[in-house]
file run-v5.txt (compact mmCIF, C-alpha atoms)
# COMPACT_ATOMS: atom_id res chain seq x y z
CA MET W 1 0.00 0.00 0.00
CA GLU W 2 1.39 3.36 -0.99
CA ILE W 3 1.90 5.97 1.70
CA PRO W 4 -0.37 8.90 0.85
CA TYR W 5 0.85 12.46 0.42
CA ALA W 6 4.53 11.54 0.36
CA VAL W 7 4.99 13.57 -2.80
CA HIS W 8 1.96 15.77 -3.33
CA PRO W 9 0.48 18.00 -0.63
CA ARG W 10 -2.58 17.05 1.38
CA PRO W 11 -5.57 19.03 0.18
CA ASP W 12 -6.53 20.19 3.69
CA THR W 13 -3.09 21.38 4.82
CA GLY W 14 -1.40 22.18 1.54
CA ILE W 15 1.75 20.39 2.73
CA TYR W 16 3.11 16.90 2.10
CA ASN W 17 3.49 14.64 5.11
CA ALA W 18 7.27 14.70 5.44
CA LYS W 19 7.25 18.46 5.69
CA VAL W 20 4.76 18.39 8.56
CA GLY W 21 6.92 15.72 10.15
CA ILE W 22 10.15 17.70 9.92
CA TRP W 23 8.51 20.83 11.33
CA LEU W 24 7.15 18.84 14.28
CA PHE W 25 10.64 17.41 14.80
CA LEU W 26 12.17 20.89 14.63
CA ALA W 27 9.65 22.08 17.21
CA SER W 28 10.91 19.38 19.58
CA GLU W 29 14.48 20.41 18.77
CA VAL W 30 13.68 24.00 19.71
CA MET W 31 12.65 22.76 23.14
CA LEU W 32 15.79 20.60 23.46
CA PHE W 33 18.17 23.46 22.73
CA GLY W 34 15.85 25.84 24.60
CA ALA W 35 16.40 23.80 27.76
CA LEU W 36 20.17 24.18 27.38
CA PHE W 37 19.91 27.89 26.67
CA SER W 38 17.72 28.37 29.73
CA ALA W 39 20.32 26.46 31.78
CA TYR W 40 22.94 28.83 30.41
CA VAL W 41 20.85 31.88 31.38
CA LEU W 42 20.26 30.47 34.87
CA ILE W 43 23.94 29.77 35.52
CA ARG W 44 25.25 32.89 33.79
CA VAL W 45 22.95 35.30 35.62
CA GLY W 46 23.55 33.52 38.94
CA THR W 47 27.34 33.94 38.66
CA PRO W 48 28.75 36.80 40.77
CA PRO W 49 30.08 39.76 38.76
CA GLY W 50 33.61 39.32 37.48
CA GLU W 51 33.65 35.52 37.75
CA TRP W 52 32.33 34.54 34.31
CA PRO W 53 35.10 33.74 31.82
CA HIS W 54 35.68 36.07 28.88
CA GLY W 55 37.87 35.54 25.86
CA TRP W 56 38.30 31.81 26.42
CA GLN W 57 37.29 30.98 22.87
CA ASN W 58 39.09 31.61 19.63
CA VAL W 59 36.78 34.22 18.06
CA THR W 60 38.50 33.91 14.67
CA LEU W 61 37.73 30.19 14.47
CA GLY W 62 34.19 30.77 15.76
CA THR W 63 33.61 33.43 13.10
CA ALA W 64 35.04 31.14 10.43
CA ASN W 65 32.65 28.39 11.53
CA THR W 66 29.72 30.82 11.45
CA LEU W 67 30.51 31.76 7.86
CA VAL W 68 31.12 28.14 6.86
CA LEU W 69 27.72 27.14 8.22
CA ALA W 70 25.98 30.13 6.64
CA LEU W 71 27.53 29.27 3.28
CA SER W 72 26.47 25.64 3.65
CA ALA W 73 22.91 26.82 4.29
CA ILE W 74 23.04 28.67 0.97
CA THR W 75 24.45 25.69 -0.92
CA THR W 76 21.87 23.28 0.48
CA LEU W 77 19.12 25.67 -0.60
CA MET W 78 20.63 25.96 -4.06
CA ALA W 79 20.81 22.17 -4.25
CA TRP W 80 17.07 22.01 -3.63
CA ALA W 81 16.45 24.80 -6.16
CA ALA W 82 18.48 22.86 -8.72
CA CYS W 83 16.24 19.83 -8.13
CA LYS W 84 13.18 22.00 -8.61
CA VAL W 85 14.37 23.17 -12.03
CA ARG W 86 15.46 19.60 -12.80
CA GLN W 87 19.19 20.30 -13.07
CA PHE W 88 20.65 17.27 -11.38
CA GLY W 89 24.25 18.24 -12.18
CA LYS W 90 23.91 21.45 -10.22
CA PHE W 91 22.26 19.55 -7.37
CA LYS W 92 25.29 17.27 -7.11
CA LEU W 93 27.63 20.25 -7.16
CA PHE W 94 25.81 22.25 -4.48
CA HIS W 95 25.10 19.27 -2.24
CA GLY W 96 28.72 18.21 -2.52
CA CYS W 97 29.74 21.70 -1.42
CA THR W 98 27.36 21.44 1.54
CA LEU W 99 28.95 18.17 2.57
CA LEU W 100 32.47 19.61 2.35
CA LEU W 101 31.46 22.69 4.33
CA ALA W 102 29.86 20.51 7.00
CA LEU W 103 33.05 18.50 7.33
CA SER W 104 35.05 21.75 7.48
CA PHE W 105 32.85 22.90 10.35
CA LEU W 106 33.48 19.66 12.24
CA CYS W 107 37.24 19.86 11.62
CA ILE W 108 37.41 23.42 12.97
CA LYS W 109 35.30 22.42 15.97
CA GLY W 110 37.56 19.42 16.56
CA PHE W 111 40.61 21.71 16.51
CA GLU W 112 38.94 23.99 19.07
CA TYR W 113 38.21 21.02 21.34
CA TYR W 114 41.81 19.82 21.01
CA ASP W 115 43.03 23.31 21.90
CA HIS W 116 40.91 23.31 25.08
CA LEU W 117 41.85 19.80 26.11
CA THR W 118 45.59 20.50 25.81
CA HIS W 119 45.29 23.81 27.69
CA TYR W 120 46.16 23.32 31.36
CA GLU W 121 45.87 25.29 34.56
CA ILE W 122 48.52 24.07 37.00
CA HIS W 123 48.42 25.05 40.67
CA LEU W 124 51.85 25.04 42.30
CA THR W 125 52.72 24.17 45.88
CA ALA W 126 54.81 27.33 46.14
CA ALA W 127 55.18 30.50 44.11
CA SER W 128 57.58 30.21 41.17
CA ALA W 129 60.75 32.26 40.85
CA SER W 130 58.76 34.82 38.87
CA GLY W 131 56.21 35.07 41.68
CA GLY W 132 53.19 33.31 40.17
CA SER W 133 51.54 30.38 41.92
CA ILE W 134 49.55 29.21 38.88
CA ALA W 135 50.99 28.13 35.55
CA ASP W 136 48.62 28.43 32.59
CA GLY W 137 49.30 27.27 29.05
CA HIS W 138 49.27 24.50 26.48
CA MET W 139 50.87 21.20 27.32
CA VAL W 140 54.03 20.47 25.38
CA GLU W 141 55.32 17.42 27.24
CA ASN W 142 53.59 15.30 29.88
CA ASP W 143 55.49 12.05 30.02
CA PRO W 144 54.57 10.09 33.20
CA GLY W 145 58.10 8.63 33.19
CA LYS W 146 59.65 12.05 33.67
CA ASP W 147 59.58 14.10 36.84
CA TYR W 148 58.55 17.30 35.11
CA VAL W 149 55.99 18.67 32.65
CA ILE W 150 56.56 21.34 30.03
CA ILE W 151 53.91 23.85 29.02
CA GLU W 152 53.91 26.81 26.65
CA GLY W 153 52.39 29.52 28.82
CA ARG W 154 52.95 31.89 31.72
CA TYR W 155 52.71 32.23 35.48
CA VAL W 156 49.90 34.19 37.15
CA ASN W 157 49.24 35.06 40.77
CA SER W 158 45.55 34.17 41.02
CA GLU W 159 42.70 32.55 39.09
CA GLN W 160 41.13 35.99 38.78
CA GLN W 161 43.82 36.86 36.25
CA LEU W 162 42.61 34.00 34.05
CA ILE W 163 38.96 35.06 33.98
CA ASP W 164 39.29 37.69 31.25
CA LEU W 165 41.78 36.37 28.71
CA ARG W 166 40.65 38.78 25.98
CA SER W 167 42.44 41.66 27.68
CA GLN W 168 45.62 39.57 28.03
CA LYS W 169 46.16 38.45 24.47
CA ASP W 170 49.47 40.30 24.28
CA VAL W 171 50.98 38.71 27.38
CA PRO W 172 54.05 36.78 26.15
CA GLU W 173 54.12 33.00 26.60
CA THR W 174 57.27 31.01 27.14
CA GLU W 175 58.18 27.38 27.61
CA LEU W 176 57.88 26.52 31.31
CA LYS W 177 59.48 23.42 32.78
CA ILE W 178 57.65 22.53 35.99
CA PRO W 179 58.88 19.75 38.34
CA ARG W 180 56.06 17.36 39.31
CA SER W 181 57.03 17.80 42.96
CA GLN W 182 55.89 21.44 42.71
CA ILE W 183 52.47 20.60 41.24
CA LYS W 184 49.57 20.69 43.68
CA ASP W 185 46.91 19.97 41.04
CA MET W 186 46.63 20.15 37.30
CA GLN W 187 43.49 20.35 35.17
CA SER W 188 42.82 20.82 31.48
CA TYR W 189 40.19 23.20 30.13
CA GLY W 190 37.72 20.37 29.54
CA PRO W 191 34.03 20.33 30.51
CA TRP W 192 35.02 19.48 34.11
CA HIS W 193 36.96 22.73 34.52
CA ASN W 194 34.06 25.08 35.36
CA ASP W 195 30.39 25.84 34.60
CA TYR W 196 31.19 27.87 31.50
CA LEU W 197 33.19 25.09 29.86
CA ALA W 198 30.63 22.48 30.92
CA LEU W 199 27.96 24.50 29.09
CA TYR W 200 30.27 25.18 26.15
CA PHE W 201 31.09 21.52 25.59
CA THR W 202 27.54 20.31 26.17
CA MET W 203 25.92 22.80 23.81
CA THR W 204 28.52 22.70 21.05
CA ALA W 205 28.87 18.91 21.20
CA LEU W 206 25.10 18.47 20.87
CA HIS W 207 25.17 20.92 17.98
CA ALA W 208 28.10 19.10 16.38
CA LEU W 209 26.16 15.83 16.67
CA HIS W 210 23.36 17.48 14.72
CA ILE W 211 25.87 18.58 12.09
CA LEU W 212 27.15 15.01 11.90
CA GLY W 213 23.62 13.60 11.59
CA GLY W 214 22.72 16.14 8.93
CA SER W 215 25.92 15.35 7.04
CA ILE W 216 25.06 11.65 7.00
CA VAL W 217 21.63 12.42 5.53
CA ILE W 218 23.09 14.86 2.99
CA GLY W 219 25.77 12.32 2.11
CA TYR W 220 23.11 9.65 1.62
CA LEU W 221 21.08 11.88 -0.70
CA TRP W 222 24.24 12.83 -2.59
CA GLY W 223 25.36 9.20 -2.86
CA PRO W 224 23.19 6.06 -2.75
CA GLY W 225 19.94 7.96 -2.19
CA ARG W 226 20.11 9.68 -5.55
CA LYS W 227 18.73 6.57 -7.26
CA LEU W 228 15.27 7.89 -6.40
CA TRP W 229 15.86 10.81 -8.74
CA LYS W 230 15.60 8.53 -11.77
CA THR W 231 12.25 7.04 -10.75
CA ASP W 232 10.55 9.85 -8.85
CA PRO W 233 12.34 13.23 -9.02
CA GLU W 234 9.61 15.12 -7.15
CA HIS W 235 9.80 12.70 -4.23
CA PHE W 236 13.59 13.07 -4.21
CA THR W 237 13.24 16.86 -4.29
CA ASN W 238 10.98 16.70 -1.26
CA ARG W 239 13.61 14.69 0.61
CA VAL W 240 16.21 17.33 -0.26
CA GLU W 241 13.84 20.02 1.00
CA VAL W 242 13.24 18.24 4.31
CA SER W 243 16.97 17.69 4.89
CA GLY W 244 17.51 21.35 3.98
CA LEU W 245 15.01 22.52 6.60
CA PHE W 246 16.89 20.52 9.22
CA TRP W 247 20.17 22.02 8.03
CA HIS W 248 18.82 25.57 8.27
CA PHE W 249 17.66 24.84 11.81
CA VAL W 250 21.17 23.71 12.73
CA ASP W 251 22.46 26.97 11.24
CA LEU W 252 19.90 28.91 13.31
CA VAL W 253 21.07 27.26 16.52
CA TRP W 254 24.66 28.22 15.74
CA ILE W 255 23.58 31.82 15.09
CA PHE W 256 22.74 31.98 18.81
CA LEU W 257 25.48 29.70 20.11
CA PHE W 258 28.23 31.79 18.55
CA PRO W 259 27.44 35.13 20.27
CA VAL W 260 26.42 33.50 23.55
CA LEU W 261 29.55 31.38 23.96
CA TYR W 262 32.17 33.36 22.05
CA LEU W 263 31.23 37.02 22.30
CA THR W 264 29.43 37.71 25.60
CA MET Q 1 11.08 26.03 0.54
CA SER Q 2 8.14 26.12 -1.75
CA GLU Q 3 8.73 28.71 -4.39
CA PHE Q 4 9.24 26.36 -7.28
CA LYS Q 5 5.95 24.52 -6.93
CA THR Q 6 3.70 25.00 -9.83
CA VAL Q 7 0.45 23.58 -8.45
CA GLU Q 8 -1.54 25.21 -5.67
CA PRO Q 9 -3.65 22.64 -3.79
CA HIS Q 10 -7.39 23.13 -3.87
CA ASN Q 11 -9.73 23.19 -0.86
CA ALA Q 12 -6.92 24.04 1.53
CA PRO Q 13 -8.26 25.72 4.65
CA PHE Q 14 -4.82 25.67 6.28
CA ALA Q 15 -3.09 26.71 3.10
CA GLY Q 16 -2.75 30.44 3.53
CA LYS Q 17 -1.70 32.93 0.90
CA SER Q 18 1.86 32.02 0.12
CA GLU Q 19 4.72 32.99 -2.08
CA LEU Q 20 4.02 30.04 -4.34
CA HIS Q 21 4.48 31.02 -7.90
CA GLU Q 22 2.47 29.77 -10.81
CA HIS Q 23 5.55 30.13 -12.96
CA PRO Q 24 8.94 28.56 -12.36
CA VAL Q 25 11.49 30.98 -10.90
CA ASP Q 26 14.68 31.66 -12.76
CA PHE Q 27 17.49 29.73 -11.10
CA ASN Q 28 20.00 32.55 -11.47
CA SER Q 29 17.73 35.14 -9.86
CA TYR Q 30 17.22 32.71 -6.99
CA LEU Q 31 20.98 32.32 -6.67
CA ARG Q 32 21.30 36.11 -6.56
CA ARG Q 33 18.76 36.29 -3.75
CA CYS Q 34 20.72 33.69 -1.77
CA VAL Q 35 23.88 35.77 -2.24
CA TYR Q 36 22.05 38.78 -0.77
CA VAL Q 37 21.08 36.69 2.24
CA PHE Q 38 24.67 35.52 2.68
CA VAL Q 39 25.92 39.11 2.52
CA ALA Q 40 23.31 40.06 5.15
CA VAL Q 41 24.57 37.23 7.39
CA ILE Q 42 28.18 38.44 6.97
CA CYS Q 43 27.07 41.98 7.90
CA ALA Q 44 25.24 40.67 10.97
CA VAL Q 45 28.26 38.66 12.13
CA SER Q 46 30.51 41.70 11.61
CA LEU Q 47 28.17 43.88 13.64
CA MET Q 48 28.11 41.32 16.45
CA LEU Q 49 31.90 41.27 16.52
CA VAL Q 50 32.06 45.08 16.59
CA ALA Q 51 29.48 45.18 19.41
CA SER Q 52 31.42 42.63 21.46
CA TYR Q 53 34.61 44.72 21.22
CA LEU Q 54 32.98 48.03 22.20
CA PRO Q 55 34.88 49.65 25.08
CA GLY Q 56 33.63 48.46 28.45
CA GLU Q 57 33.98 51.93 29.98
CA ARG Q 58 31.28 53.38 27.73
CA PHE Q 59 29.07 50.31 27.20
CA ASN Q 60 28.27 48.09 30.13
CA TRP Q 61 27.93 44.33 29.80
CA THR Q 62 24.12 44.35 29.74
CA ALA Q 63 24.01 46.88 26.90
CA LYS Q 64 26.53 44.91 24.85
CA VAL Q 65 24.69 41.62 25.37
CA ALA Q 66 21.40 43.27 24.42
CA MET Q 67 22.94 44.67 21.23
CA ILE Q 68 24.49 41.35 20.27
CA LEU Q 69 21.26 39.44 20.90
CA VAL Q 70 19.21 41.92 18.86
CA ILE Q 71 21.62 41.47 15.94
CA ALA Q 72 21.55 37.68 16.38
CA CYS Q 73 17.73 37.70 16.35
CA THR Q 74 17.72 39.80 13.17
CA ASN Q 75 20.18 37.40 11.61
CA ALA Q 76 18.00 34.45 12.64
CA PHE Q 77 14.93 36.17 11.18
CA VAL Q 78 16.68 36.58 7.83
CA VAL Q 79 17.80 32.94 7.77
CA ALA Q 80 14.42 31.56 8.89
CA GLY Q 81 12.44 33.95 6.73
CA PHE Q 82 14.30 33.63 3.47
CA LEU Q 83 16.22 30.36 3.59
CA MET Q 84 13.49 28.36 5.35
CA HIS Q 85 10.85 30.38 3.48
CA LEU Q 86 8.97 31.15 6.66
CA ILE Q 87 7.84 34.47 5.25
CA SER Q 88 5.67 32.56 2.82
CA GLU Q 89 4.69 29.32 4.52
CA LYS Q 90 1.36 27.61 5.04
CA LYS Q 91 -0.90 28.47 7.96
CA MET Q 92 -0.43 25.04 9.46
CA ILE Q 93 3.32 25.61 9.83
CA TYR Q 94 2.66 28.99 11.45
CA THR Q 95 0.19 27.37 13.85
CA LEU Q 96 2.76 24.76 14.78
CA LEU Q 97 5.43 27.41 15.28
CA ALA Q 98 3.06 29.51 17.39
CA PHE Q 99 2.67 26.58 19.80
CA THR Q 100 6.45 26.10 19.81
CA ALA Q 101 7.00 29.79 20.55
CA PHE Q 102 4.48 29.60 23.40
CA PHE Q 103 6.23 26.67 25.07
CA PHE Q 104 9.68 28.14 24.41
CA ALA Q 105 8.63 31.44 25.98
CA GLY Q 106 7.26 29.46 28.94
CA LEU Q 107 10.53 27.57 29.27
CA MET Q 108 12.64 30.73 29.32
CA GLY Q 109 10.09 32.73 31.32
CA LEU Q 110 9.79 30.10 34.05
CA THR Q 111 13.57 29.93 34.26
CA VAL Q 112 13.82 33.67 34.79
CA TRP Q 113 10.90 33.55 37.23
CA ALA Q 114 12.58 30.77 39.20
CA MET Q 115 15.68 32.91 39.66
CA GLN Q 116 13.61 35.46 41.57
CA ASP Q 117 11.77 32.85 43.59
CA PHE Q 118 14.33 31.13 45.76
CA PRO Q 119 12.94 30.00 49.13
CA ALA Q 120 14.28 32.12 51.95
CA GLY Q 121 17.34 30.78 53.73
CA THR Q 122 18.68 28.69 50.85
CA THR Q 123 21.77 29.25 48.79
CA HIS Q 124 22.71 28.31 45.25

call {"tool": "encode", "arguments": {"input": "run-v5.txt", "output": "structure tokens"}}
result
Amino acid sequence: MEIPYAVHPRPDTGIYNAKVGIWLFLASEVMLFGALFSAYVLIRVGTPPGEWPHGWQNVTLGTANTLVLALSAITTLMAWAACKVRQFGKFKLFHGCTLLLALSFLCIKGFEYYDHLTHYEIHLTAASASGGSIADGHMVENDPGKDYVIIEGRYVNSEQQLIDLRSQKDVPETELKIPRSQIKDMQSYGPWHNDYLALYFTMTALHALHILGGSIVIGYLWGPGRKLWKTDPEHFTNRVEVSGLFWHFVDLVWIFLFPVLYLT
Amino acid sequence: MSEFKTVEPHNAPFAGKSELHEHPVDFNSYLRRCVYVFVAVICAVSLMLVASYLPGERFNWTAKVAMILVIACTNAFVVAGFLMHLISEKKMIYTLLAFTAFFFAGLMGLTVWAMQDFPAGTTH
């Protein structure tokens, strides 16, 4: 039995079923991300003044990712438009671009994660020769067999100095060799570090999972799924439209994630 | 995403007046429109960056956040309106989104309300 209104719109709604389905799904997604954004608001507003981190993200990479995602939203729309005017060659070109841009986004995000996970805050048992009791920087060498670690960073006197890194971009960093005997505790800038990073990793990882899921669907339509084009191009076009709506939603979420996590 | 349809369904109580065209749209003009949207997004991102780097002595944190969020909302409106074609969708989609907006507003509103409603004597 054929599923009704998979291609042509229902007379009473004017929309085919998959489109209603994707909008219902997107509505649930709004609530999912809404819950995380409300958690962010709750924690951010509840933090005492001067204790919320600033400048902990690489704004250049965040901006690049914003533009990559915006461009991919354009290419996915053009892919659908190409289907509508029955130009399958252009569809393949634009959808291929979307796929490449999606992978670029994930690569940049992966680099950002790597940067955070190799960035360490090391509390010392006693102040260093330069006076600082905290060493902050990127790990260069952390061999358990050796009695020291090496980081590329600097010494600071208190955690307060690490809260606003945007104003300290020009502070020079050097290679610091720290004996393990002088280390009280050492922690990377992962999600366990503080509330801000917990929110950052949770929200961006969930978003990245959506990018990954969308990429798989786009890849399927670009690859094995394109067989449908030969037998039922309108049905195929509808699938491209539905995947495109999901992709635009993912872009919309990033439009808010970027300023909230990188700029404020 | 409905501008290239050529057939308007009949007897459609939910199917509001839309941007559906009886005639196919020229692909190149559509591409041009997408380029305009992309340029608008670039402008919005640039404005957000400028707003975030405004001097803290003259613009306090609340003002900067408000500015950035207004720009982000405008950017989102452009993307949702033109790329998702929400400016010309069917009434059923608008109805569905109205319910979503209601529950989303409730979610955020209750969160803000809860911040002002801590029982006396507790800490957080």

call {"tool": "residues_around", "arguments": {"input": "run-v5.txt", "residues": "Ser243 in chain W", "least_positions_apart": "3", "cutoff": "10 Å", "atoms": "only C-alpha atoms", "output": "NGL selection string"}}
result
:W and (19 or 22 or 76-77 or 80 or 214-215 or 217-218 or 221 or 237-240 or 246-249)

call {"tool": "closest_residue", "arguments": {"input": "run-v5.txt", "among": "Q:Ile71, Q:Val39, Q:Leu83, Q:Cys34", "to": "Ala51 in chain Q", "atoms": "only C-alpha atoms"}}
result
Q:Ile71

call {"tool": "closest_residue", "arguments": {"input": "run-v5.txt", "among": "W:Ile178, W:His119, W:Leu93, W:His235", "to": "Ser133 in chain W", "atoms": "only C-alpha atoms"}}
result
W:Ile178

call {"tool": "residues_around", "arguments": {"input": "run-v5.txt", "residues": "range 100-102 of chain Q", "least_positions_apart": "3", "cutoff": "10 Å", "atoms": "only C-alpha atoms", "output": "list of chain:residue names"}}
result
W:Leu24, W:Leu26, W:Ala27, W:Ser28, W:Glu29, W:Val30, W:Met31, Q:Tyr94, Q:Thr95, Q:Leu96, Q:Leu97, Q:Ala105, Q:Gly106, Q:Leu107

call {"tool": "atom_distance", "arguments": {"input": "run-v5.txt", "atom1": "CA of Gln187 in chain W", "atom2": "CA of His123 in chain W"}}
result
8.8 Å

call {"tool": "closest_residue", "arguments": {"input": "run-v5.txt", "among": "Q:Ala98, Q:Ala76, Q:Ala63, Q:Asn28", "to": "chain W", "atoms": "only C-alpha atoms"}}
result
Q:Ala76

call {"tool": "atom_distance", "arguments": {"input": "run-v5.txt", "atom1": "CA of His207 in chain W", "atom2": "CA of Leu228 in chain W"}}
result
29.4 Å

call {"tool": "residues_near_point", "arguments": {"input": "run-v5.txt", "point": "(23.8, 41.3, 5.3)", "cutoff": "12 Å", "atoms": "all atoms listed in the file", "output": "PyMOL selection string"}}
result
(chain W and resi 67+70) or (chain Q and resi 33-48+71-72+74-79)

call {"tool": "atom_distance", "arguments": {"input": "run-v5.txt", "atom1": "CA of Pro179 in chain W", "atom2": "CA of Ile150 in chain W"}}
result
8.8 Å

call {"tool": "closest_residue", "arguments": {"input": "run-v5.txt", "among": "W:Ala39, W:Ile151, W:Ile183, W:Ile211", "to": "chain Q", "atoms": "only C-alpha atoms"}}
result
W:Ala39

call {"tool": "residues_around", "arguments": {"input": "run-v5.txt", "residues": "Tyr148 in chain W", "least_positions_apart": "4", "cutoff": "9 Å", "atoms": "all atoms listed in the file", "output": "PyMOL selection string"}}
result
chain W and resi 141-144+177-181

call {"tool": "residues_near_point", "arguments": {"input": "run-v5.txt", "point": "(37.8, 21.9, 22.6)", "cutoff": "10 Å", "atoms": "all atoms listed in the file", "output": "short mmCIF file (atom, residue, chain, number, x, y, z; two decimals) with C-alpha atoms, in the frame of the given file"}}
result
data_model
loop_
_atom_site.label_atom_id
_atom_site.label_comp_id
_atom_site.auth_asym_id
_atom_site.auth_seq_id
_atom_site.Cartn_x
_atom_site.Cartn_y
_atom_site.Cartn_z
CA GLN W 57 37.29 30.98 22.87
CA ILE W 108 37.41 23.42 12.97
CA LYS W 109 35.30 22.42 15.97
CA GLY W 110 37.56 19.42 16.56
CA PHE W 111 40.61 21.71 16.51
CA GLU W 112 38.94 23.99 19.07
CA TYR W 113 38.21 21.02 21.34
CA TYR W 114 41.81 19.82 21.01
CA ASP W 115 43.03 23.31 21.90
CA HIS W 116 40.91 23.31 25.08
CA LEU W 117 41.85 19.80 26.11
CA THR W 118 45.59 20.50 25.81
CA HIS W 119 45.29 23.81 27.69
CA TYR W 189 40.19 23.20 30.13
CA GLY W 190 37.72 20.37 29.54
CA PRO W 191 34.03 20.33 30.51
CA LEU W 197 33.19 25.09 29.86
CA TYR W 200 30.27 25.18 26.15
CA PHE W 201 31.09 21.52 25.59
CA THR W 204 28.52 22.70 21.05
CA ALA W 205 28.87 18.91 21.20
#

call {"tool": "closest_atom_pairs", "arguments": {"input": "run-v5.txt", "of": "chain W", "to": "chain Q", "cutoff": "7 Å", "atoms": "all atoms listed in the file", "output": "CSV"}}
result
residue,atom,partner,partner_atom,distance
W:Pro9,CA,Q:Pro9,CA,7.0
W:Pro11,CA,Q:Ala12,CA,5.4
W:Asp12,CA,Q:Ala12,CA,4.4
W:Thr13,CA,Q:Phe14,CA,4.9
W:Gly14,CA,Q:Ala15,CA,5.1
W:Ala27,CA,Q:Thr100,CA,5.8
W:Met31,CA,Q:Phe104,CA,6.3
W:Gly34,CA,Q:Phe104,CA,6.6
W:Ser38,CA,Q:Met108,CA,5.6
W:Leu42,CA,Q:Thr111,CA,6.7
W:Ala70,CA,Q:Phe38,CA,6.8
W:Leu71,CA,Q:Phe38,CA,6.9
W:Ile74,CA,Q:Cys34,CA,6.2
W:Leu77,CA,Q:Leu83,CA,6.9
W:Met78,CA,Q:Leu31,CA,6.9
W:Lys84,CA,Q:Phe4,CA,6.0
W:Glu241,CA,Q:Met1,CA,6.6
W:Leu245,CA,Q:Met84,CA,6.2
W:His248,CA,Q:Met84,CA,6.7
W:Leu252,CA,Q:Ala76,CA,5.9
W:Ile255,CA,Q:Ala72,CA,6.3
W:Phe256,CA,Q:Ala72,CA,6.3
W:Pro259,CA,Q:Ile68,CA,6.9
W:Leu263,CA,Q:Ser52,CA,5.7
W:Thr264,CA,Q:Val65,CA,6.1

call {"tool": "residues_around", "arguments": {"input": "run-v5.txt", "residues": "range 161-165 of chain W", "least_positions_apart": "2", "cutoff": "7 Å", "atoms": "only C-alpha atoms", "output": "list in words"}}
result
Glu51, Trp52, Pro53, His54, Gly55, Trp56, Val156, Ser158, Glu159, Ser167, Gln168 and Lys169 of chain W

call {"tool": "write_last_selection", "arguments": {"input": "run-v5.txt", "atoms": "C-alpha atoms", "output": "mmCIF file, in the frame of the given file"}}
result
data_model
loop_
_atom_site.group_PDB
_atom_site.id
_atom_site.type_symbol
_atom_site.label_atom_id
_atom_site.label_comp_id
_atom_site.auth_asym_id
_atom_site.auth_seq_id
_atom_site.Cartn_x
_atom_site.Cartn_y
_atom_site.Cartn_z
ATOM 1 C CA GLU W 51 33.650 35.520 37.750
ATOM 2 C CA TRP W 52 32.330 34.540 34.310
ATOM 3 C CA PRO W 53 35.100 33.740 31.820
ATOM 4 C CA HIS W 54 35.680 36.070 28.880
ATOM 5 C CA GLY W 55 37.870 35.540 25.860
ATOM 6 C CA TRP W 56 38.300 31.810 26.420
ATOM 7 C CA VAL W 156 49.900 34.190 37.150
ATOM 8 C CA SER W 158 45.550 34.170 41.020
ATOM 9 C CA GLU W 159 42.700 32.550 39.090
ATOM 10 C CA SER W 167 42.440 41.660 27.680
ATOM 11 C CA GLN W 168 45.620 39.570 28.030
ATOM 12 C CA LYS W 169 46.160 38.450 24.470
#

call {"tool": "closest_residue", "arguments": {"input": "run-v5.txt", "among": "W:Asp147, W:Ala35, W:Glu234, W:Thr47", "to": "Tyr5 in chain W", "atoms": "all atoms listed in the file"}}
result
W:Glu234

call {"tool": "closest_residue", "arguments": {"input": "run-v5.txt", "among": "W:Leu32, W:Val140, W:Val260, W:Leu61", "to": "Glu175 in chain W", "atoms": "only C-alpha atoms"}}
result
W:Val140

call {"tool": "axis_aligned_box", "arguments": {"input": "run-v5.txt", "around": "range 169-175 of chain W", "padding_each_side": "6 Å", "output": "AutoDock Vina command-line options"}}
result
--center_x 52.2 --center_y 33.8 --center_z 25.9 --size_x 24.0 --size_y 24.9 --size_z 15.3

call {"tool": "decode", "arguments": {"input": "run-v5.txt", "residues": "range 49-73 of chain Q", "atoms": "C-alpha atoms", "output": "compact mmCIF listing (two decimals), in the first residue's frame"}}
result
# COMPACT_ATOMS: atom_id res chain seq x y z
CA LEU Q 49 31.90 41.27 16.52
CA VAL Q 50 32.06 45.08 16.59
CA ALA Q 51 29.48 45.18 19.41
CA SER Q 52 31.42 42.63 21.46
CA TYR Q 53 34.61 44.72 21.22
CA LEU Q 54 32.98 48.03 22.20
CA PRO Q 55 34.88 49.65 25.08
CA GLY Q 56 33.63 48.46 28.45
CA GLU Q 57 33.98 51.93 29.98
CA ARG Q 58 31.28 53.38 27.73
CA PHE Q 59 29.07 50.31 27.20
CA ASN Q 60 28.27 48.09 30.13
CA TRP Q 61 27.93 44.33 29.80
CA THR Q 62 24.12 44.35 29.74
CA ALA Q 63 24.01 46.88 26.90
CA LYS Q 64 26.53 44.91 24.85
CA VAL Q 65 24.69 41.62 25.37
CA ALA Q 66 21.40 43.27 24.42
CA MET Q 67 22.94 44.67 21.23
CA ILE Q 68 24.49 41.35 20.27
CA LEU Q 69 21.26 39.44 20.90
CA VAL Q 70 19.21 41.92 18.86
CA ILE Q 71 21.62 41.47 15.94
CA ALA Q 72 21.55 37.68 16.38
CA CYS Q 73 17.73 37.70 16.35
